[in-house]
>>> print(open('model.cif').read())   # mmCIF, C-alpha atoms and all ligand atoms
data_start
#
loop_
_atom_site.label_atom_id
_atom_site.label_comp_id
_atom_site.auth_asym_id
_atom_site.auth_seq_id
_atom_site.Cartn_x
_atom_site.Cartn_y
_atom_site.Cartn_z
CA MET A 1 7.25 -23.30 15.59
CA ARG A 2 7.52 -21.14 18.69
CA LEU A 3 4.37 -19.29 19.67
CA GLU A 4 5.97 -15.83 19.87
CA LYS A 5 7.66 -16.21 16.47
CA TYR A 6 4.42 -17.30 14.84
CA ILE A 7 2.54 -14.29 16.20
CA ALA A 8 5.33 -11.78 15.51
CA THR A 9 5.59 -12.83 11.84
CA SER A 10 1.90 -12.01 11.44
CA GLY A 11 2.89 -8.38 12.02
CA ILE A 12 0.45 -7.94 14.89
CA ALA A 13 3.16 -6.52 17.17
CA SER A 14 6.92 -6.55 17.64
CA ARG A 15 8.63 -9.66 18.96
CA ARG A 16 9.21 -7.96 22.31
CA ALA A 17 5.57 -6.83 22.62
CA VAL A 18 4.35 -10.30 21.66
CA LYS A 19 6.52 -11.90 24.38
CA ARG A 20 5.15 -9.48 26.95
CA ALA A 21 1.57 -10.16 25.86
CA ILE A 22 2.09 -13.91 26.19
CA ARG A 23 3.60 -13.54 29.67
CA GLU A 24 0.69 -11.32 30.70
CA GLY A 25 -1.87 -13.91 29.59
CA ARG A 26 -3.20 -12.00 26.58
CA VAL A 27 -2.65 -14.93 24.20
CA THR A 28 -4.55 -18.19 23.95
CA VAL A 29 -3.74 -21.39 22.07
CA ASN A 30 -6.84 -23.43 21.23
CA GLY A 31 -8.74 -21.43 23.84
CA THR A 32 -6.26 -21.95 26.68
CA ASP A 33 -4.13 -19.18 28.21
CA THR A 34 -0.48 -19.86 27.39
CA PHE A 35 2.14 -17.92 29.32
CA ILE A 36 5.31 -19.29 27.73
CA PRO A 37 6.62 -17.41 24.66
CA GLY A 38 8.54 -20.48 23.43
CA HIS A 39 5.47 -22.73 23.61
CA PRO A 40 5.59 -25.03 20.54
CA ILE A 41 2.64 -24.72 18.21
CA ASP A 42 1.46 -26.29 14.99
CA ALA A 43 1.22 -23.34 12.59
CA GLU A 44 -1.34 -25.14 10.45
CA LYS A 45 -3.67 -26.60 13.06
CA ASP A 46 -3.58 -24.54 16.23
CA PHE A 47 -6.08 -21.75 16.80
CA ILE A 48 -4.21 -18.77 18.21
CA GLU A 49 -5.82 -15.64 19.60
CA PHE A 50 -3.95 -12.45 20.42
CA GLU A 51 -5.98 -10.13 22.67
CA GLY A 52 -9.15 -11.87 21.54
CA LYS A 53 -8.40 -11.64 17.81
CA ARG A 54 -7.58 -14.64 15.67
CA VAL A 55 -4.08 -14.79 14.23
CA GLU A 56 -4.46 -16.20 10.69
CA PRO A 57 -2.57 -19.44 10.05
CA LEU A 58 0.61 -18.75 8.06
CA THR A 59 -0.39 -21.13 5.29
CA GLU A 60 -3.59 -19.23 4.62
CA ARG A 61 -2.12 -15.77 4.52
CA ILE A 62 -1.84 -14.23 1.09
CA TYR A 63 0.27 -11.22 0.13
CA LEU A 64 0.53 -10.08 -3.45
CA MET A 65 1.17 -7.07 -5.62
CA LEU A 66 -0.71 -6.08 -8.74
CA ASN A 67 0.44 -3.67 -11.43
CA LYS A 68 -2.92 -1.95 -11.77
CA PRO A 69 -3.81 -0.56 -15.19
CA ALA A 70 -5.86 2.63 -15.51
CA GLY A 71 -9.60 2.06 -15.84
CA TYR A 72 -10.07 -0.41 -12.96
CA LEU A 73 -11.81 0.53 -9.73
CA THR A 74 -10.12 -0.32 -6.43
CA THR A 75 -13.04 -2.09 -4.80
CA ARG A 76 -14.08 -5.66 -4.26
CA ARG A 77 -17.36 -5.27 -6.11
CA ASP A 78 -18.99 -2.51 -8.09
CA GLU A 79 -22.76 -2.29 -8.05
CA ARG A 80 -22.74 -0.78 -11.52
CA GLY A 81 -20.72 -3.69 -12.89
CA ARG A 82 -17.67 -1.64 -13.91
CA PRO A 83 -14.27 -3.36 -14.12
CA THR A 84 -12.60 -3.73 -10.72
CA VAL A 85 -9.10 -4.77 -9.67
CA MET A 86 -10.58 -8.08 -8.49
CA ASP A 87 -11.23 -8.96 -12.16
CA LEU A 88 -7.44 -9.14 -12.60
CA LEU A 89 -6.92 -11.58 -9.72
CA THR A 90 -8.07 -14.90 -11.01
CA ASP A 91 -7.85 -18.22 -9.15
CA LEU A 92 -7.36 -16.62 -5.74
CA PRO A 93 -9.37 -16.98 -2.54
CA LYS A 94 -12.23 -14.51 -2.17
CA SER A 95 -10.86 -13.46 1.23
CA ILE A 96 -8.24 -11.10 -0.26
CA TYR A 97 -8.78 -7.36 -0.46
CA PRO A 98 -6.78 -4.31 -1.57
CA VAL A 99 -4.55 -2.52 0.93
CA GLY A 100 -5.54 1.10 0.47
CA ARG A 101 -6.65 2.31 -2.92
CA LEU A 102 -5.61 3.83 -6.22
CA ASP A 103 -7.96 6.07 -8.20
CA LEU A 104 -9.74 4.70 -11.24
CA GLU A 105 -7.18 6.28 -13.58
CA THR A 106 -4.09 5.70 -11.42
CA GLU A 107 -1.78 2.85 -12.36
CA GLY A 108 0.87 0.81 -10.64
CA LEU A 109 1.62 -0.90 -7.36
CA LEU A 110 -1.38 -2.10 -5.38
CA LEU A 111 -1.07 -4.65 -2.59
CA PHE A 112 -3.61 -7.31 -1.64
CA THR A 113 -3.83 -9.51 1.41
CA ASN A 114 -6.20 -11.36 3.67
CA ASP A 115 -4.07 -10.51 6.70
CA GLY A 116 -5.73 -7.68 8.58
CA ASN A 117 -2.65 -6.99 10.68
CA PHE A 118 -0.50 -6.55 7.59
CA ALA A 119 -3.07 -4.21 6.02
CA ASN A 120 -3.39 -2.19 9.24
CA HIS A 121 0.37 -1.90 9.60
CA LEU A 122 0.77 -0.48 6.09
CA MET A 123 -2.17 1.89 6.34
CA HIS A 124 -1.66 3.20 9.86
CA PRO A 125 -0.87 6.92 9.50
CA SER A 126 1.59 6.84 12.41
CA HIS A 127 3.91 4.53 10.44
CA GLU A 128 4.31 7.21 7.74
CA ILE A 129 5.25 4.68 5.07
CA ASP A 130 6.51 6.45 1.94
CA LYS A 131 4.66 5.91 -1.32
CA THR A 132 6.48 6.86 -4.50
CA TYR A 133 4.67 7.97 -7.65
CA LEU A 134 5.60 8.95 -11.16
CA ALA A 135 3.44 11.84 -12.29
CA TRP A 136 3.20 13.32 -15.78
CA VAL A 137 1.75 16.82 -15.66
CA GLU A 138 0.66 19.42 -18.13
CA GLY A 139 3.07 22.34 -18.37
CA VAL A 140 6.22 22.93 -16.33
CA PRO A 141 5.75 24.05 -12.70
CA SER A 142 8.01 26.85 -11.45
CA GLN A 143 10.60 26.30 -8.71
CA ARG A 144 8.38 28.36 -6.43
CA ALA A 145 5.42 26.06 -7.08
CA LEU A 146 7.60 23.04 -6.33
CA GLU A 147 8.67 24.62 -3.03
CA ARG A 148 4.99 24.91 -2.07
CA PHE A 149 4.57 21.26 -2.98
CA ARG A 150 7.52 20.35 -0.74
CA ASN A 151 6.31 22.38 2.20
CA GLY A 152 2.75 21.06 2.17
CA ILE A 153 -0.28 22.52 0.44
CA ALA A 154 -3.87 23.17 1.42
CA ILE A 155 -6.20 20.82 -0.46
CA SER A 156 -9.89 20.17 0.21
CA SER A 157 -9.15 17.54 2.89
CA GLY A 158 -6.64 19.74 4.77
CA LYS A 159 -3.00 20.69 4.58
CA THR A 160 -0.70 18.01 3.24
CA ALA A 161 2.46 16.96 5.05
CA PRO A 162 5.75 17.96 3.45
CA ALA A 163 6.36 15.91 0.30
CA LYS A 164 9.40 15.12 -1.80
CA ILE A 165 9.32 16.02 -5.46
CA LYS A 166 11.94 15.77 -8.21
CA GLN A 167 11.56 16.78 -11.83
CA LEU A 168 12.79 13.95 -14.05
CA ASN A 169 12.30 15.34 -17.55
CA VAL A 170 10.23 17.61 -19.79
CA LYS A 171 8.91 16.49 -23.15
CA THR A 172 7.53 18.80 -25.75
CA ALA A 173 4.15 17.48 -26.74
CA ASN A 174 3.53 18.16 -30.41
CA SER A 175 -0.15 18.77 -29.92
CA LYS A 176 -2.30 21.65 -28.83
CA LYS A 177 -3.87 19.36 -26.28
CA TYR A 178 -1.45 20.29 -23.51
CA LYS A 179 -0.92 23.67 -21.95
CA ASN A 180 2.43 25.20 -23.01
CA GLY A 181 2.87 22.18 -25.30
CA ALA A 182 4.96 20.47 -22.62
CA VAL A 183 4.59 17.48 -20.33
CA ALA A 184 6.83 17.36 -17.25
CA LYS A 185 7.55 14.10 -15.47
CA PHE A 186 8.09 14.00 -11.70
CA ARG A 187 8.92 11.58 -8.95
CA VAL A 188 6.77 12.35 -5.91
CA ILE A 189 7.05 10.79 -2.45
CA ILE A 190 4.27 11.17 0.10
CA HIS A 191 3.40 9.17 3.19
CA GLU A 192 -0.21 10.22 3.67
CA GLY A 193 -3.19 8.71 1.90
CA LYS A 194 -5.59 11.58 1.40
CA LYS A 195 -8.12 11.05 -1.36
CA ARG A 196 -6.68 11.95 -4.81
CA GLN A 197 -3.78 13.53 -2.97
CA VAL A 198 -1.16 13.74 -5.70
CA ARG A 199 -3.65 14.99 -8.30
CA LEU A 200 -5.01 17.60 -5.88
CA MET A 201 -1.53 18.76 -4.87
CA PHE A 202 -0.62 19.40 -8.50
CA LYS A 203 -3.98 21.05 -9.08
CA ALA A 204 -3.24 23.39 -6.18
CA ILE A 205 -0.08 24.56 -7.95
CA GLY A 206 -1.96 24.94 -11.21
CA HIS A 207 -0.98 21.79 -13.11
CA ARG A 208 -3.15 18.93 -14.27
CA VAL A 209 -1.91 15.36 -13.84
CA ILE A 210 -2.31 13.46 -17.08
CA ARG A 211 -0.85 10.18 -15.93
CA LEU A 212 -0.10 8.83 -12.45
CA LYS A 213 1.66 5.61 -11.51
CA ARG A 214 2.67 4.31 -8.07
CA ILE A 215 6.02 2.58 -8.25
CA ARG A 216 6.96 1.95 -4.61
CA ILE A 217 5.46 1.41 -1.15
CA GLY A 218 8.12 1.64 1.57
CA THR A 219 10.77 -0.96 0.84
CA LEU A 220 8.77 -2.62 -1.93
CA GLY A 221 9.22 -1.60 -5.58
CA LEU A 222 6.96 -2.49 -8.50
CA GLY A 223 9.97 -3.60 -10.57
CA ASN A 224 9.19 -4.83 -14.06
CA LEU A 225 5.91 -6.57 -13.29
CA PRO A 226 3.85 -6.22 -16.47
CA GLN A 227 0.70 -4.12 -16.36
CA GLY A 228 -2.39 -6.09 -15.35
CA GLN A 229 -0.27 -8.89 -13.82
CA TYR A 230 0.18 -9.87 -10.19
CA ARG A 231 2.77 -11.79 -8.20
CA PHE A 232 3.08 -13.06 -4.63
CA LEU A 233 5.44 -11.26 -2.27
CA THR A 234 8.44 -13.16 -0.94
CA PRO A 235 8.76 -13.78 2.83
CA THR A 236 11.66 -11.29 2.86
CA GLU A 237 9.55 -8.61 1.18
CA ILE A 238 6.75 -9.17 3.69
CA ALA A 239 9.13 -9.03 6.66
CA LYS A 240 10.75 -5.80 5.38
CA LEU A 241 7.37 -4.10 4.96
CA LEU A 242 6.52 -4.98 8.54
CA ALA A 243 9.90 -3.99 10.01
N1 LIG A 301 -2.81 10.23 -5.31
C1 LIG A 301 -3.76 10.35 -6.25
O1 LIG A 301 -4.09 11.45 -6.66
N2 LIG A 301 -4.34 9.24 -6.71
C2 LIG A 301 -4.01 8.00 -6.32
O2 LIG A 301 -4.57 7.02 -6.78
C3 LIG A 301 -3.02 7.89 -5.34
C4 LIG A 301 -2.43 9.01 -4.85
#
>>> encode(input="model.cif", output="C-alpha cells", more="lines below")
Ligand code: URA
Amino acid sequence: MRLEKYIATSGIASRRAVKRAIREGRVTVNGTDTFIPGHPIDAEKDFIEFEGKRVEPLTERIYLMLNKPAGYLTTRRDERGRPTVMDLLTDLPKSIYPVGRLDLETEGLLLFTNDGNFANHLMHPSHEIDKTYLAWVEGVPSQRALERFRNGIAISSGKTAPAKIKQLNVKTANSKKYKNGAVAKFRVIIHEGKKRQVRLMFKAIGHRVIRLKRIRIGTLGLGNLPQGQYRFLTPTEIAKLLA
C-alpha cells in the first residue's frame, strides 16, 4: 500500500495534507524520514508516525456501533459497579472506547473505536457533525416554543446553536402520569455535544423528555440493529464519516 493512502484512510488528515506532510518530512516509516508520498509500505508490519504520533495499523483498528439500551453508563469502568456499555461488548479488545457519550437513560447509536483520529474527527466541534434523535416528551409544545428551540436556547452550559426539530406525532396517554395526557414525538437534529443537551433544551421550553434515542450520526444511521447488539462498520461507512 502507498504511504499517503495508508495515512489518509486513518482519518488523520486529508489526502492532500498528508502528501504535503510527507514531502515536508513530518512522517517517518520505522523511524526514518520518508519524503515520497507513494512510498510502498506494509500496512501490517511497518511502524508509521505522523507528526510524532503513531498511526494505528489498519488491521488493528476497530470501528463499531452499539444500539445502547437505557440503564447503561457510557464509561469504560464504573467504580460503583453499575452496568456500563462495555458489558455489552463481549469478545473485543480492551483498547476500544466510546466516541462521545449518551446519558444513562438515553438509547440508541453509540460508536466505539480504538482509533484516536477517528474519534477526534467525529467529536471535533468545528466539524459540526449532525446527530439525530427521537425524543418523546410530556405534553405538546407550542409553535412558539419550537421556534425558540430552533433558534437556540440558553441552558446551564450556555446558548445552544440553532437546532432542527420536527413534530412526528402526538399520542394520547391514557394515564394521569403525563401532563395534558399527551406524549409528543419529535425528530431533533443538533451538532453540538453539550451535556444532556436535548433534555435540557426541552426542559427550557417547559417539557420533560420521557424517552430519548439517537438514531443517526452524520451519514451513519442506526438502522434496525436490535437493542443491546453491536456490529462493525463497513469500510464505506467509515470513509463517509471521515469525508
Ligand atoms: N442529549 C441528551 O440530553 N442526552 C444524550 O444522551 C444525548 C443528547
>>> closest_residue(input="model.cif", among="A:Ala145, A:Leu122, A:Met65, A:Ala70", to="ligand LIG 301 (chain A)", atoms="all atoms listed in the file")
A:Ala70
>>> closest_residue(input="model.cif", among="A:Ala13, A:Ile48, A:Met123, A:Leu220", to="A:Glu192", atoms="all atoms listed in the file")
A:Met123
>>> closest_atom_pairs(input="model.cif", of="chain A", to="ligand LIG 301 (chain A)", cutoff="6 Å", atoms="all atoms listed in the file", output="CSV")
residue,atom,partner,partner_atom,distance
A:Leu102,CA,A:LIG301,O2,3.4
A:Asp103,CA,A:LIG301,O2,3.8
A:Thr106,CA,A:LIG301,O2,4.8
A:Arg196,CA,A:LIG301,O1,3.2
A:Gln197,CA,A:LIG301,N1,4.2
A:Val198,CA,A:LIG301,O1,3.8
A:Arg199,CA,A:LIG301,O1,3.9
>>> closest_residue(input="model.cif", among="A:Pro141, A:Pro69, A:Gly152, A:Gly38", to="A:Ile22", atoms="only C-alpha atoms")
A:Gly38
>>> atom_distance(input="model.cif", atom1="atom CA of A:Gly116", atom2="atom CA of A:Ile238")
13.5 Å
>>> closest_residue(input="model.cif", among="A:Ala204, A:Val183, A:Gly193, A:Thr90", to="A:Ile153", atoms="only C-alpha atoms")
A:Ala204
>>> residues_near_point(input="model.cif", point="(2.9, 11.8, -13.4)", cutoff="12 Å", atoms="all atoms listed in the file", output="NGL selection string")
:A and (105-108 or 132-140 or 165-170 or 183-189 or 198-199 or 201-202 or 207-215)
>>> residues_around(input="model.cif", residues="A:Glu60", least_positions_apart="3", cutoff="12 Å", atoms="all atoms listed in the file", output="list in words")
Ser10, Ala43, Glu44, Lys45, Val55, Glu56, Pro57, Tyr63, Leu92, Pro93, Lys94, Ser95, Ile96, Thr113, Asn114 and Asp115 of chain A
>>> atom_distance(input="model.cif", atom1="atom CA of A:Pro37", atom2="atom CA of A:Arg2")
7.1 Å
>>> atom_distance(input="model.cif", atom1="atom CA of A:Lys68", atom2="atom CA of A:Leu88")
8.5 Å
>>> closest_residue(input="model.cif", among="A:Ile205, A:Pro98, A:Leu233, A:Lys131", to="A:Arg150", atoms="all atoms listed in the file")
A:Ile205
>>> residues_around(input="model.cif", residues="A:His124", least_positions_apart="4", cutoff="12 Å", atoms="all atoms listed in the file", output="PyMOL selection string")
chain A and resi 99-100+116-120+128-130+191-193+242
>>> closest_residue(input="model.cif", among="A:Ala182, A:Ala21, A:Gly81, A:Gly218", to="A:His127", atoms="all atoms listed in the file")
A:Gly218
>>> residues_around(input="model.cif", residues="A:Thr75", least_positions_apart="5", cutoff="9 Å", atoms="only C-alpha atoms", output="list in words")
Thr84, Val85, Met86, Tyr97, Pro98 and Arg101 of chain A
>>> decode(input="model.cif", residues="stretch 158-172 of chain A", atoms="all heavy atoms", output="CSV table (one decimal), in the first residue's frame")
chain,number,residue,atom,x,y,z
A,158,GLY,N,-24.7,27.3,28.5
A,158,GLY,CA,-24.6,28.3,27.5
A,158,GLY,C,-25.7,28.3,26.5
A,158,GLY,O,-26.6,27.4,26.6
A,159,LYS,N,-25.6,29.1,25.5
A,159,LYS,CA,-26.7,29.1,24.5
A,159,LYS,C,-26.4,28.1,23.4
A,159,LYS,O,-25.3,27.9,23.0
A,159,LYS,CB,-26.8,30.5,23.8
A,159,LYS,CG,-28.0,30.6,22.9
A,159,LYS,CD,-28.2,32.1,22.5
A,159,LYS,CE,-29.5,32.2,21.7
A,159,LYS,NZ,-29.5,32.4,20.3
A,160,THR,N,-27.5,27.3,23.1
A,160,THR,CA,-27.3,26.3,22.1
A,160,THR,C,-27.3,26.8,20.7
A,160,THR,O,-27.9,27.9,20.5
A,160,THR,CB,-28.4,25.2,22.2
A,160,THR,OG1,-29.6,25.8,22.0
A,160,THR,CG2,-28.4,24.6,23.6
A,161,ALA,N,-26.6,26.2,19.8
A,161,ALA,CA,-26.7,26.6,18.4
A,161,ALA,C,-28.1,26.3,17.8
A,161,ALA,O,-28.8,25.4,18.4
A,161,ALA,CB,-25.6,25.8,17.6
A,162,PRO,N,-28.4,26.9,16.7
A,162,PRO,CA,-29.7,26.6,16.2
A,162,PRO,C,-29.9,25.1,15.9
A,162,PRO,O,-28.9,24.4,15.5
A,162,PRO,CB,-29.7,27.4,14.8
A,162,PRO,CG,-28.8,28.5,15.1
A,162,PRO,CD,-27.7,28.0,16.0
A,163,ALA,N,-31.1,24.6,16.2
A,163,ALA,CA,-31.3,23.1,16.1
A,163,ALA,C,-32.5,22.9,15.1
A,163,ALA,O,-33.3,23.8,14.9
A,163,ALA,CB,-31.6,22.5,17.4
A,164,LYS,N,-32.6,21.7,14.6
A,164,LYS,CA,-33.7,21.4,13.7
A,164,LYS,C,-34.7,20.5,14.6
A,164,LYS,O,-34.2,19.6,15.3
A,164,LYS,CB,-33.3,20.6,12.5
A,164,LYS,CG,-32.5,21.4,11.5
A,164,LYS,CD,-32.2,20.7,10.3
A,164,LYS,CE,-31.2,21.4,9.4
A,164,LYS,NZ,-30.2,20.6,8.8
A,165,ILE,N,-36.0,20.8,14.5
A,165,ILE,CA,-36.9,20.0,15.2
A,165,ILE,C,-38.2,19.8,14.4
A,165,ILE,O,-38.7,20.8,13.7
A,165,ILE,CB,-37.2,20.6,16.6
A,165,ILE,CG1,-38.2,19.7,17.4
A,165,ILE,CG2,-37.7,22.0,16.5
A,165,ILE,CD1,-38.2,20.0,18.9
A,166,LYS,N,-38.7,18.6,14.4
A,166,LYS,CA,-39.9,18.3,13.6
A,166,LYS,C,-40.8,17.4,14.5
A,166,LYS,O,-40.4,16.4,15.0
A,166,LYS,CB,-39.6,17.6,12.3
A,166,LYS,CG,-40.8,17.3,11.4
A,166,LYS,CD,-40.3,16.7,10.1
A,166,LYS,CE,-41.3,16.7,9.0
A,166,LYS,NZ,-42.4,15.8,9.2
A,167,GLN,N,-42.1,17.8,14.6
A,167,GLN,CA,-43.0,17.0,15.4
A,167,GLN,C,-43.5,15.9,14.5
A,167,GLN,O,-43.9,16.1,13.4
A,167,GLN,CB,-44.2,17.9,15.8
A,167,GLN,CG,-45.1,17.1,16.8
A,167,GLN,CD,-46.1,18.0,17.4
A,167,GLN,OE1,-45.8,19.0,18.0
A,167,GLN,NE2,-47.4,17.7,17.3
A,168,LEU,N,-43.4,14.6,15.0
A,168,LEU,CA,-43.7,13.5,14.2
A,168,LEU,C,-45.2,13.0,14.5
A,168,LEU,O,-45.9,12.7,13.6
A,168,LEU,CB,-42.7,12.3,14.4
A,168,LEU,CG,-41.3,12.6,14.1
A,168,LEU,CD1,-40.4,11.5,14.4
A,168,LEU,CD2,-41.1,13.0,12.7
A,169,ASN,N,-45.5,12.9,15.8
A,169,ASN,CA,-46.9,12.6,16.1
A,169,ASN,C,-47.2,12.9,17.6
A,169,ASN,O,-46.3,13.3,18.3
A,169,ASN,CB,-47.2,11.1,15.8
A,169,ASN,CG,-46.3,10.1,16.7
A,169,ASN,OD1,-46.1,10.4,17.9
A,169,ASN,ND2,-45.8,9.1,16.1
A,170,VAL,N,-48.5,12.8,17.9
A,170,VAL,CA,-48.9,13.0,19.3
A,170,VAL,C,-49.8,11.9,19.7
A,170,VAL,O,-50.7,11.5,19.0
A,170,VAL,CB,-49.7,14.4,19.5
A,170,VAL,CG1,-50.2,14.5,20.9
A,170,VAL,CG2,-48.9,15.6,19.1
A,171,LYS,N,-49.5,11.2,20.8
A,171,LYS,CA,-50.3,10.1,21.3
A,171,LYS,C,-50.9,10.5,22.6
A,171,LYS,O,-50.3,11.2,23.4
A,171,LYS,CB,-49.4,8.9,21.5
A,171,LYS,CG,-48.9,8.3,20.2
A,171,LYS,CD,-49.3,6.8,20.1
A,171,LYS,CE,-49.1,6.3,18.7
A,171,LYS,NZ,-47.8,5.9,18.4
A,172,THR,N,-52.2,10.2,22.7
A,172,THR,CA,-52.9,10.5,24.0
A,172,THR,C,-52.5,9.3,24.9
A,172,THR,O,-52.7,8.2,24.6
A,172,THR,CB,-54.4,10.5,23.8
A,172,THR,OG1,-54.6,11.3,22.6
A,172,THR,CG2,-55.1,11.2,24.9
